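For reference, query_22.cif (mmCIF, C-alpha atoms):
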data_run
loop_
_atom_site.group_PDB
_atom_site.id
_atom_site.type_symbol
_atom_site.label_atom_id
_atom_site.label_comp_id
_atom_site.auth_asym_id
_atom_site.auth_seq_id
_atom_site.Cartn_x
_atom_site.Cartn_y
_atom_site.Cartn_z
ATOM 1 C CA MET A 1 107.260 64.682 210.764
ATOM 2 C CA ARG A 2 109.521 66.026 208.116
ATOM 3 C CA LYS A 3 108.632 63.133 205.789
ATOM 4 C CA ASP A 4 104.880 63.935 206.270
ATOM 5 C CA GLY A 5 105.504 67.519 205.352
ATOM 6 C CA GLU A 6 107.418 66.515 202.216
ATOM 7 C CA ARG A 7 104.697 64.007 201.161
ATOM 8 C CA ARG A 8 101.977 66.635 201.632
ATOM 9 C CA HIS A 9 104.041 69.055 199.600
ATOM 10 C CA SER A 10 104.478 66.608 196.709
ATOM 11 C CA ILE A 11 100.718 65.768 196.788
ATOM 12 C CA ASP A 12 99.955 69.499 196.635
ATOM 13 C CA ILE A 13 102.129 69.818 193.536
ATOM 14 C CA LEU A 14 100.636 66.687 191.967
ATOM 15 C CA PHE A 15 97.110 67.972 192.631
ATOM 16 C CA LEU A 16 97.951 71.273 190.992
ATOM 17 C CA VAL A 17 99.496 69.549 187.985
ATOM 18 C CA VAL A 18 96.429 67.284 187.588
ATOM 19 C CA ILE A 19 94.037 70.234 187.861
ATOM 20 C CA PHE A 20 96.137 72.155 185.346
ATOM 21 C CA LEU A 21 96.106 69.207 182.920
ATOM 22 C CA VAL A 22 92.320 68.817 183.302
ATOM 23 C CA PHE A 23 91.935 72.531 182.627
ATOM 24 C CA THR A 24 94.148 72.359 179.531
ATOM 25 C CA PHE A 25 92.320 69.285 178.238
ATOM 26 C CA SER A 26 88.922 70.969 178.790
ATOM 27 C CA ALA A 27 90.107 74.121 177.003
ATOM 28 C CA LEU A 28 91.341 72.103 174.013
ATOM 29 C CA SER A 29 88.116 70.063 173.924
ATOM 30 C CA ALA A 30 86.044 73.239 173.976
ATOM 31 C CA LEU A 31 88.145 74.662 171.159
ATOM 32 C CA LEU A 32 87.735 71.501 169.051
ATOM 33 C CA LEU A 33 83.994 71.468 169.785
ATOM 34 C CA ALA A 34 83.737 75.059 168.596
ATOM 35 C CA VAL A 35 85.686 74.277 165.421
ATOM 36 C CA ASN A 36 83.457 71.260 164.676
ATOM 37 C CA PHE A 37 80.264 73.231 165.292
ATOM 38 C CA TYR A 38 81.469 76.038 163.050
ATOM 39 C CA GLN A 39 82.568 73.628 160.301
ATOM 40 C CA ASP A 40 79.243 71.789 160.498
ATOM 41 C CA THR A 41 77.250 75.021 160.281
ATOM 42 C CA ILE A 42 79.295 76.270 157.311
ATOM 43 C CA ASP A 43 78.949 72.890 155.503
ATOM 44 C CA LYS A 44 75.193 72.826 156.053
ATOM 45 C CA SER A 45 74.881 76.400 154.877
ATOM 46 C CA GLU A 46 76.918 75.685 151.717
ATOM 47 C CA ASN A 47 74.977 72.495 150.979
ATOM 48 C CA ASN A 48 71.802 74.468 151.441
ATOM 49 C CA GLU A 49 72.873 77.196 149.045
ATOM 50 C CA ASN A 50 74.800 75.705 146.083
ATOM 51 C CA ALA A 51 72.263 73.433 144.385
ATOM 52 C CA ARG A 52 69.442 75.695 145.509
ATOM 53 C CA ALA A 53 71.052 78.737 143.879
ATOM 54 C CA ALA A 54 71.336 76.853 140.569
ATOM 55 C CA VAL A 55 67.716 75.654 140.513
ATOM 56 C CA ALA A 56 66.495 79.070 141.682
ATOM 57 C CA TYR A 57 68.383 80.643 138.772
ATOM 58 C CA ILE A 58 66.885 78.211 136.240
ATOM 59 C CA ARG A 59 63.412 78.658 137.740
ATOM 60 C CA GLU A 60 63.730 82.433 137.473
ATOM 61 C CA VAL A 61 64.877 82.291 133.835
ATOM 62 C CA VAL A 62 61.981 79.982 132.904
ATOM 63 C CA HIS A 63 59.416 82.133 134.727
ATOM 64 C CA GLN A 64 60.718 85.229 132.937
ATOM 65 C CA ASN A 65 60.003 83.473 129.632
ATOM 66 C CA ASP A 66 56.720 81.842 130.658
ATOM 67 C CA LYS A 67 55.031 81.717 127.242
ATOM 68 C CA LYS A 68 53.240 78.990 125.361
ATOM 69 C CA GLY A 69 55.741 76.877 123.430
ATOM 70 C CA ALA A 70 58.709 78.977 124.569
ATOM 71 C CA VAL A 71 60.377 76.293 126.677
ATOM 72 C CA SER A 72 61.512 72.869 125.521
ATOM 73 C CA ILE A 73 64.086 70.229 126.359
ATOM 74 C CA GLU A 74 66.267 69.401 123.413
ATOM 75 C CA PRO A 75 69.644 67.897 122.530
ATOM 76 C CA PHE A 76 72.302 70.519 121.852
ATOM 77 C CA ASP A 77 75.855 69.767 120.730
ATOM 78 C CA GLY A 78 75.963 66.378 122.430
ATOM 79 C CA THR A 79 74.224 67.408 125.633
ATOM 80 C CA THR A 80 70.627 67.886 126.799
ATOM 81 C CA CYS A 81 69.649 71.493 127.313
ATOM 82 C CA MET A 82 66.693 73.625 128.207
ATOM 83 C CA LYS A 83 65.934 75.748 125.173
ATOM 84 C CA ILE A 84 64.023 78.984 125.680
ATOM 85 C CA ARG A 85 62.725 80.890 122.693
ATOM 86 C CA GLN A 86 62.839 84.631 123.206
ATOM 87 C CA GLU A 87 61.504 87.582 121.255
ATOM 88 C CA GLY A 88 63.106 88.527 117.947
ATOM 89 C CA ASP A 89 64.304 85.052 116.935
ATOM 90 C CA TYR A 90 66.682 84.768 119.847
ATOM 91 C CA LEU A 91 67.319 81.585 121.791
ATOM 92 C CA LEU A 92 68.584 80.951 125.292
ATOM 93 C CA TYR A 93 70.169 77.609 126.130
ATOM 94 C CA LEU A 94 70.747 76.338 129.680
ATOM 95 C CA TYR A 95 72.980 73.274 129.983
ATOM 96 C CA LEU A 96 75.855 71.567 131.792
ATOM 97 C CA LYS A 97 79.282 71.702 130.202
ATOM 98 C CA GLY A 98 82.580 70.724 131.861
ATOM 99 C CA GLY A 99 81.067 70.604 135.345
ATOM 100 C CA GLU A 100 79.522 74.053 135.004
ATOM 101 C CA LEU A 101 76.028 75.384 134.481
ATOM 102 C CA ARG A 102 76.212 77.495 131.348
ATOM 103 C CA GLU A 103 73.913 79.902 129.584
ATOM 104 C CA LEU A 104 74.097 80.689 125.889
ATOM 105 C CA TYR A 105 72.110 83.517 124.339
ATOM 106 C CA THR A 106 72.183 83.406 120.553
ATOM 107 C CA LYS A 107 70.287 84.269 117.403
ATOM 108 C CA LYS A 108 68.316 81.483 115.815
ATOM 109 C CA GLY A 109 70.356 79.716 113.126
ATOM 110 C CA ALA A 110 73.718 80.934 114.424
ATOM 111 C CA LYS A 111 76.491 78.352 114.449
ATOM 112 C CA VAL A 112 77.269 77.956 118.118
ATOM 113 C CA SER A 113 78.559 75.176 120.353
ATOM 114 C CA THR A 114 78.257 74.390 124.057
ATOM 115 C CA ALA A 115 81.750 75.844 124.638
ATOM 116 C CA ASP A 116 80.443 79.334 123.706
ATOM 117 C CA GLY A 117 78.146 79.591 126.710
ATOM 118 C CA GLN A 118 78.685 81.860 129.687
ATOM 119 C CA ARG A 119 79.706 80.110 132.904
ATOM 120 C CA ILE A 120 77.141 80.545 135.692
ATOM 121 C CA MET A 121 78.290 78.211 138.483
ATOM 122 C CA LYS A 122 79.958 74.865 139.185
ATOM 123 C CA LEU A 123 77.701 71.818 139.180
ATOM 124 C CA LYS A 124 78.277 68.084 139.170
ATOM 125 C CA GLU A 125 75.115 66.965 137.377
ATOM 126 C CA LEU A 126 72.184 68.634 135.687
ATOM 127 C CA GLU A 127 69.282 66.724 134.174
ATOM 128 C CA PHE A 128 66.214 68.036 132.428
ATOM 129 C CA GLU A 129 63.115 65.927 131.813
ATOM 130 C CA THR A 130 59.466 66.413 131.010
ATOM 131 C CA ALA A 131 57.398 65.453 134.070
ATOM 132 C CA ALA A 132 53.996 66.203 132.528
ATOM 133 C CA LYS A 133 52.505 68.432 129.867
ATOM 134 C CA ASP A 134 53.942 71.952 130.352
ATOM 135 C CA CYS A 135 55.778 70.766 133.451
ATOM 136 C CA TYR A 136 59.523 70.083 133.605
ATOM 137 C CA ARG A 137 61.595 68.304 136.231
ATOM 138 C CA ILE A 138 65.166 69.478 136.862
ATOM 139 C CA LEU A 139 67.642 67.438 138.886
ATOM 140 C CA CYS A 140 70.677 69.365 140.000
ATOM 141 C CA THR A 141 73.677 68.006 141.935
ATOM 142 C CA ASP A 142 76.243 70.508 143.163
ATOM 143 C CA SER A 143 79.980 69.973 143.689
ATOM 144 C CA THR A 144 79.400 68.817 147.292
ATOM 145 C CA GLY A 145 77.025 66.057 146.079
ATOM 146 C CA ASN A 146 73.861 67.728 147.353
ATOM 147 C CA THR A 147 70.930 67.104 144.990
ATOM 148 C CA GLU A 148 67.899 69.331 144.473
ATOM 149 C CA THR A 149 64.904 68.345 142.358
ATOM 150 C CA ILE A 150 62.442 70.953 141.221
ATOM 151 C CA LEU A 151 59.389 71.135 139.011
ATOM 152 C CA ILE A 152 58.785 74.129 136.786
ATOM 153 C CA SER A 153 55.515 74.592 134.982
ATOM 154 C CA ILE A 154 54.674 76.888 132.110
ATOM 155 C CA LYS A 155 51.670 78.626 133.596
ATOM 156 C CA THR A 156 50.644 80.683 130.587
ATOM 157 C CA ALA A 157 50.525 77.557 128.399
ATOM 158 C CA GLY A 158 46.987 76.739 129.529
ATOM 159 C CA GLY A 159 46.272 80.231 130.759
ATOM 160 C CA ARG A 160 45.368 79.143 134.289
ATOM 161 C CA GLY A 161 47.963 80.186 136.807
ATOM 162 C CA ARG A 162 47.366 82.783 139.528
ATOM 163 C CA MET B 1 111.096 78.756 203.146
ATOM 164 C CA LYS B 2 108.609 75.886 203.497
ATOM 165 C CA ARG B 3 105.795 78.292 204.462
ATOM 166 C CA GLN B 4 106.609 80.430 201.458
ATOM 167 C CA SER B 5 106.392 77.381 199.164
ATOM 168 C CA ASN B 6 103.022 76.331 200.666
ATOM 169 C CA ARG B 7 101.693 79.868 200.291
ATOM 170 C CA SER B 8 102.760 80.059 196.651
ATOM 171 C CA SER B 9 101.109 76.716 195.784
ATOM 172 C CA GLN B 10 97.925 77.874 197.575
ATOM 173 C CA LEU B 11 98.037 81.070 195.562
ATOM 174 C CA PHE B 12 98.502 79.133 192.341
ATOM 175 C CA LEU B 13 95.595 76.817 193.274
ATOM 176 C CA THR B 14 93.329 79.802 193.979
ATOM 177 C CA GLU B 15 94.323 81.380 190.680
ATOM 178 C CA LEU B 16 93.681 78.131 188.857
ATOM 179 C CA MET B 17 90.272 77.692 190.507
ATOM 180 C CA ILE B 18 89.263 81.232 189.506
ATOM 181 C CA ALA B 19 90.446 80.545 185.942
ATOM 182 C CA ILE B 20 88.457 77.275 185.840
ATOM 183 C CA PHE B 21 85.364 79.082 187.169
ATOM 184 C CA PHE B 22 85.527 81.721 184.416
ATOM 185 C CA PHE B 23 86.331 79.057 181.853
ATOM 186 C CA ALA B 24 83.264 77.030 182.930
ATOM 187 C CA VAL B 25 80.991 80.076 182.733
ATOM 188 C CA ILE B 26 82.283 81.054 179.267
ATOM 189 C CA LEU B 27 82.114 77.436 178.062
ATOM 190 C CA ALA B 28 78.472 77.199 179.181
ATOM 191 C CA ILE B 29 77.648 80.392 177.242
ATOM 192 C CA CYS B 30 79.563 79.153 174.145
ATOM 193 C CA ILE B 31 77.869 75.743 174.137
ATOM 194 C CA GLN B 32 74.501 77.464 174.417
ATOM 195 C CA ALA B 33 75.377 79.708 171.455
ATOM 196 C CA PHE B 34 76.678 76.781 169.368
ATOM 197 C CA SER B 35 73.621 74.629 170.045
ATOM 198 C CA GLU B 36 71.383 77.583 169.126
ATOM 199 C CA ALA B 37 73.337 78.036 165.856
ATOM 200 C CA HIS B 38 73.012 74.315 165.149
ATOM 201 C CA ARG B 39 69.262 74.384 165.848
ATOM 202 C CA ARG B 40 68.772 77.405 163.566
ATOM 203 C CA SER B 41 70.833 75.745 160.835
ATOM 204 C CA MET B 42 68.670 72.613 161.059
ATOM 205 C CA GLU B 43 65.501 74.720 161.021
ATOM 206 C CA SER B 44 66.758 76.616 157.994
ATOM 207 C CA LYS B 45 67.471 73.358 156.146
ATOM 208 C CA GLU B 46 64.048 72.006 157.084
ATOM 209 C CA LEU B 47 62.340 75.193 155.899
ATOM 210 C CA THR B 48 64.309 75.274 152.621
ATOM 211 C CA GLN B 49 63.369 71.707 151.790
ATOM 212 C CA SER B 50 59.758 72.230 152.811
ATOM 213 C CA VAL B 51 59.516 75.323 150.595
ATOM 214 C CA ASN B 52 60.980 73.298 147.716
ATOM 215 C CA ALA B 53 58.523 70.415 148.222
ATOM 216 C CA VAL B 54 55.548 72.776 148.469
ATOM 217 C CA SER B 55 56.721 74.807 145.441
ATOM 218 C CA ASN B 56 57.049 71.636 143.356
ATOM 219 C CA THR B 57 53.506 70.607 144.286
ATOM 220 C CA ALA B 58 52.204 74.107 143.514
ATOM 221 C CA GLU B 59 53.997 74.153 140.158
ATOM 222 C CA TYR B 60 52.247 70.982 139.048
ATOM 223 C CA PHE B 61 48.898 72.157 140.461
ATOM 224 C CA MET B 62 49.130 75.180 138.135
ATOM 225 C CA VAL B 63 49.119 72.999 135.026
ATOM 226 C CA TRP B 64 47.104 70.087 136.402
ATOM 227 C CA ASP B 65 44.338 68.998 134.020
ATOM 228 C CA GLY B 66 41.998 67.754 136.785
ATOM 229 C CA ASP B 67 42.845 64.071 136.437
ATOM 230 C CA LYS B 68 43.915 62.674 139.825
ATOM 231 C CA ALA B 69 46.024 59.966 138.154
ATOM 232 C CA GLY B 70 48.366 62.678 136.862
ATOM 233 C CA TRP B 71 49.617 63.365 140.398
ATOM 234 C CA GLN B 72 50.686 59.775 140.799
ATOM 235 C CA GLU B 73 52.786 59.981 137.623
ATOM 236 C CA VAL B 74 54.563 63.157 138.674
ATOM 237 C CA PHE B 75 54.891 62.227 142.375
ATOM 238 C CA PRO B 76 55.086 58.384 142.424
ATOM 239 C CA GLU B 77 55.492 58.248 146.233
ATOM 240 C CA GLY B 78 52.366 60.345 146.810
ATOM 241 C CA ARG B 79 48.861 59.011 147.472
ATOM 242 C CA TRP B 80 45.293 60.282 147.469
ATOM 243 C CA GLU B 81 43.234 59.965 150.628
ATOM 244 C CA ALA B 82 39.713 61.265 149.862
ATOM 245 C CA GLU B 83 40.293 64.843 148.598
ATOM 246 C CA GLU B 84 43.770 65.114 150.075
ATOM 247 C CA PHE B 85 47.016 64.347 148.280
ATOM 248 C CA LEU B 86 49.766 63.210 150.654
ATOM 249 C CA ILE B 87 53.499 62.782 150.235
ATOM 250 C CA GLU B 88 55.709 61.534 153.062
ATOM 251 C CA PHE B 89 59.367 62.510 153.386
ATOM 252 C CA ASP B 90 62.151 61.017 155.483
ATOM 253 C CA LYS B 91 64.519 63.125 157.628
ATOM 254 C CA ASP B 92 66.641 63.945 154.539
ATOM 255 C CA PHE B 93 63.505 65.045 152.680
ATOM 256 C CA GLN B 94 63.558 62.138 150.282
ATOM 257 C CA PRO B 95 60.029 60.994 149.379
ATOM 258 C CA VAL B 96 59.078 57.674 150.961
ATOM 259 C CA ALA B 97 55.987 55.482 150.682
ATOM 260 C CA ALA B 98 55.378 55.240 154.450
ATOM 261 C CA ASP B 99 56.752 56.057 157.930
ATOM 262 C CA GLY B 100 58.154 59.441 156.916
ATOM 263 C CA GLU B 101 59.281 62.186 159.278
ATOM 264 C CA TYR B 102 57.450 64.921 157.393
ATOM 265 C CA LEU B 103 54.077 64.957 155.695
ATOM 266 C CA LEU B 104 53.065 67.148 152.760
ATOM 267 C CA LYS B 105 49.328 67.532 152.560
ATOM 268 C CA MET B 106 47.449 69.203 149.731
ATOM 269 C CA THR B 107 43.735 69.914 149.970
ATOM 270 C CA ILE B 108 41.907 71.046 146.846
ATOM 271 C CA ARG B 109 38.584 72.908 146.957
ATOM 272 C CA GLU B 110 36.525 74.942 144.502
ATOM 273 C CA GLU B 111 35.527 78.494 145.266
ATOM 274 C CA ASP B 112 33.980 81.077 142.905
ATOM 275 C CA GLY B 113 34.984 79.037 139.848
ATOM 276 C CA LEU B 114 38.572 78.852 141.028
ATOM 277 C CA LYS B 115 40.400 75.785 142.183
ATOM 278 C CA LYS B 116 42.290 76.458 145.372
ATOM 279 C CA ALA B 117 44.999 74.269 146.833
ATOM 280 C CA ASP B 118 46.119 74.503 150.409
ATOM 281 C CA ILE B 119 49.577 72.915 150.547
ATOM 282 C CA GLY B 120 51.463 72.462 153.793
ATOM 283 C CA VAL B 121 54.360 70.498 155.243
ATOM 284 C CA THR B 122 54.074 69.341 158.841
ATOM 285 C CA THR B 123 56.189 67.155 161.064
ATOM 286 C CA LYS B 124 54.391 63.864 161.296
ATOM 287 C CA GLU B 125 54.502 63.363 165.068
ATOM 288 C CA ALA B 126 54.277 66.815 166.556
ATOM 289 C CA GLU B 127 52.022 68.183 163.810
ATOM 290 C CA ARG B 128 54.156 71.347 163.659
ATOM 291 C CA THR B 129 53.601 73.248 160.435
ATOM 292 C CA VAL B 130 56.936 73.941 158.768
ATOM 293 C CA TYR B 131 55.597 75.759 155.700
ATOM 294 C CA ARG B 132 52.193 76.401 154.189
ATOM 295 C CA LEU B 133 51.091 77.930 150.896
ATOM 296 C CA GLU B 134 47.745 78.564 149.254
ATOM 297 C CA VAL B 135 47.561 78.686 145.450
ATOM 298 C CA MET B 136 44.720 79.329 143.051
ATOM 299 C CA ALA B 137 44.189 78.246 139.474
ATOM 300 C CA HIS B 138 41.407 78.505 136.922
ATOM 301 C CA GLY B 139 40.466 76.985 133.600
ATOM 302 C CA ASN B 140 40.296 73.286 134.518
#

Exercise: express the given structure as structure tokens:
Amino acid sequence: MRKDGERRHSIDILFLVVIFLVFTFSALSALLLAVNFYQDTIDKSENNENARAAVAYIREVVHQNDKKGAVSIEPFDGTTCMKIRQEGDYLLYLYLKGGELRELYTKKGAKVSTADGQRIMKLKELEFETAAKDCYRILCTDSTGNTETILISIKTAGGRGR
Amino acid sequence: MKRQSNRSSQLFLTELMIAIFFFAVILAICIQAFSEAHRRSMESKELTQSVNAVSNTAEYFMVWDGDKAGWQEVFPEGRWEAEEFLIEFDKDFQPVAADGEYLLKMTIREEDGLKKADIGVTTKEAERTVYRLEVMAHGN
């Protein structure tokens, strides 16, 4: 009788310990799940934003200077850049230097190099190419390896955009 | 002494059960919130990439000279089917020749001397429209 009582007592304790361990394990799992979800959401958000911000910036600059013959892709100090001719003999260069998107605003004929440009944001790769007449393709890879490809057309070149 | 010990373990069990009940309720709410955040994040990514694909198509449409072959040069994975230009994309929004998850469809029509393009991205199976844009151009 006494032995029965002792066995029941030890089973009670064991049951409590098991339940407590299950509870602790579930709590830790839930915590890890939350951390993973949060990390995943942040990563996706960052991947969504970085390369997109760079191409959106370039697109905006080109659209602001949407004039016939104003935009061209040219070599500049050992790299390929997007050259934008602005009013009053000024030039704007967009290019990749040292893993950064840079912008250089200068007067035509001035002796400048790629190192003089203003840093815009970190990028891994930036490629400019002519996709068609008055239409440029830009490939942009950000530091996380996410690549965005966009087309930018010069709408006033043929005078047809709406 | 024995009764006291039994009572205390019963009390601890009751306390633990109540804690597990609240934990389960809160966990259910949290998982719901996390899955909703995940779904919205996926939707946001899908929308971003659809907007990009549609914008690229619209950009070329603006300077298009009217020659259908030009589209094939700029978008090699795309194809013409009657008056519709189609591009298929996989789940990562990379253009593919066939069996894509998403379909970009552009329909061109002429109205009042203007060329109008209706460009939209839909999911291929469910035919859910992710993003749609109408652009106009003149001077072809």

Report task. Given the file shown, determine the residues that the PyMOL selection byres ((chain B and resi 54) around 9) selects; report them as a list in words. Result -> Gln49, Ser50, Val51, Asn52, Ala53, Ser55, Asn56, Thr57, Ala58, Glu59, Leu104, Met106, Ile119, Gly120, Val121, Tyr131, Arg132 and Leu133 of chain B

Report task. Determine which residues of chain A sit within 8 Å of chain B, taking into account all atoms listed in the file, and present them as number ranges by chain. Result -> A: 9, 12-13, 16, 19-20, 23, 27, 30, 34, 37-38, 41, 44-45, 48, 131-135, 150-155, 158-162

Report task. For the structure provided, state which residues fall under the PyMOL selection byres ((chain A and resi 104-119) around 7), and present them as a list in words. Result ->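 So the PyMOL selection byres ((chain A and resi 104-119) around 7) ends up selecting Asp77, Asp89, Tyr90, Leu91, Leu92, Tyr93, Leu94, Lys97, Glu100, Leu101, Arg102, Glu103, Ile120 and Met121 of chain A.
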
**Report entry** the PyMOL selection byres ((chain B and resi 85) around 6) resolved against shown file, as a PyMOL selection string
**Finding:** chain B and resi 79-80+84+86+105-106

Could you put an axis-aligned box around every listed atom of range 67-73 of chain A, padded by 5 Å on each side, and send me its centre and edge lengths in Å to one decimal, as lines of an AutoDock Vina configuration file?
center_x = 58.7
center_y = 76.0
center_z = 125.3
size_x = 20.8
size_y = 21.5
size_z = 13.8

Report task. Have a look at CA of Asp142 in chain A and CA of Asp99 in chain B and let me know their distance in Å, one decimal. Result -> 28.4 Å

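Nearest residue to Ile108 in chain B, choosing from B:Gly66, B:Asp92, B:Thr122, B:Ile87 and counting all atoms listed in the file: B:Gly66.
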
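The gap separating CA of Thr144 in chain A from CA of Asp43 in chain A is 9.2 Å, in Å to one decimal.
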
Report summary line: From CA of Lys124 in chain B to CA of Glu111 in chain B the spacing works out at 28.8 Å

Query raised in the report: In terms of the shortest atom-to-atom distance over all atoms listed in the file, which of A:Ser29, A:Val35, A:Leu96, A:His63 is closest to Phe76 in chain A?
Result: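 Result for the nearest residue to Phe76 in chain A: A:Leu96.
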
Query raised in the report: Which polymer residues have any atom within 10 Å of an atom of Gln64 in chain A, counting only C-alpha atoms, with same-chain residues fewer than 5 positions away left out, as number ranges by chain?
Result: A: 58-59, 86
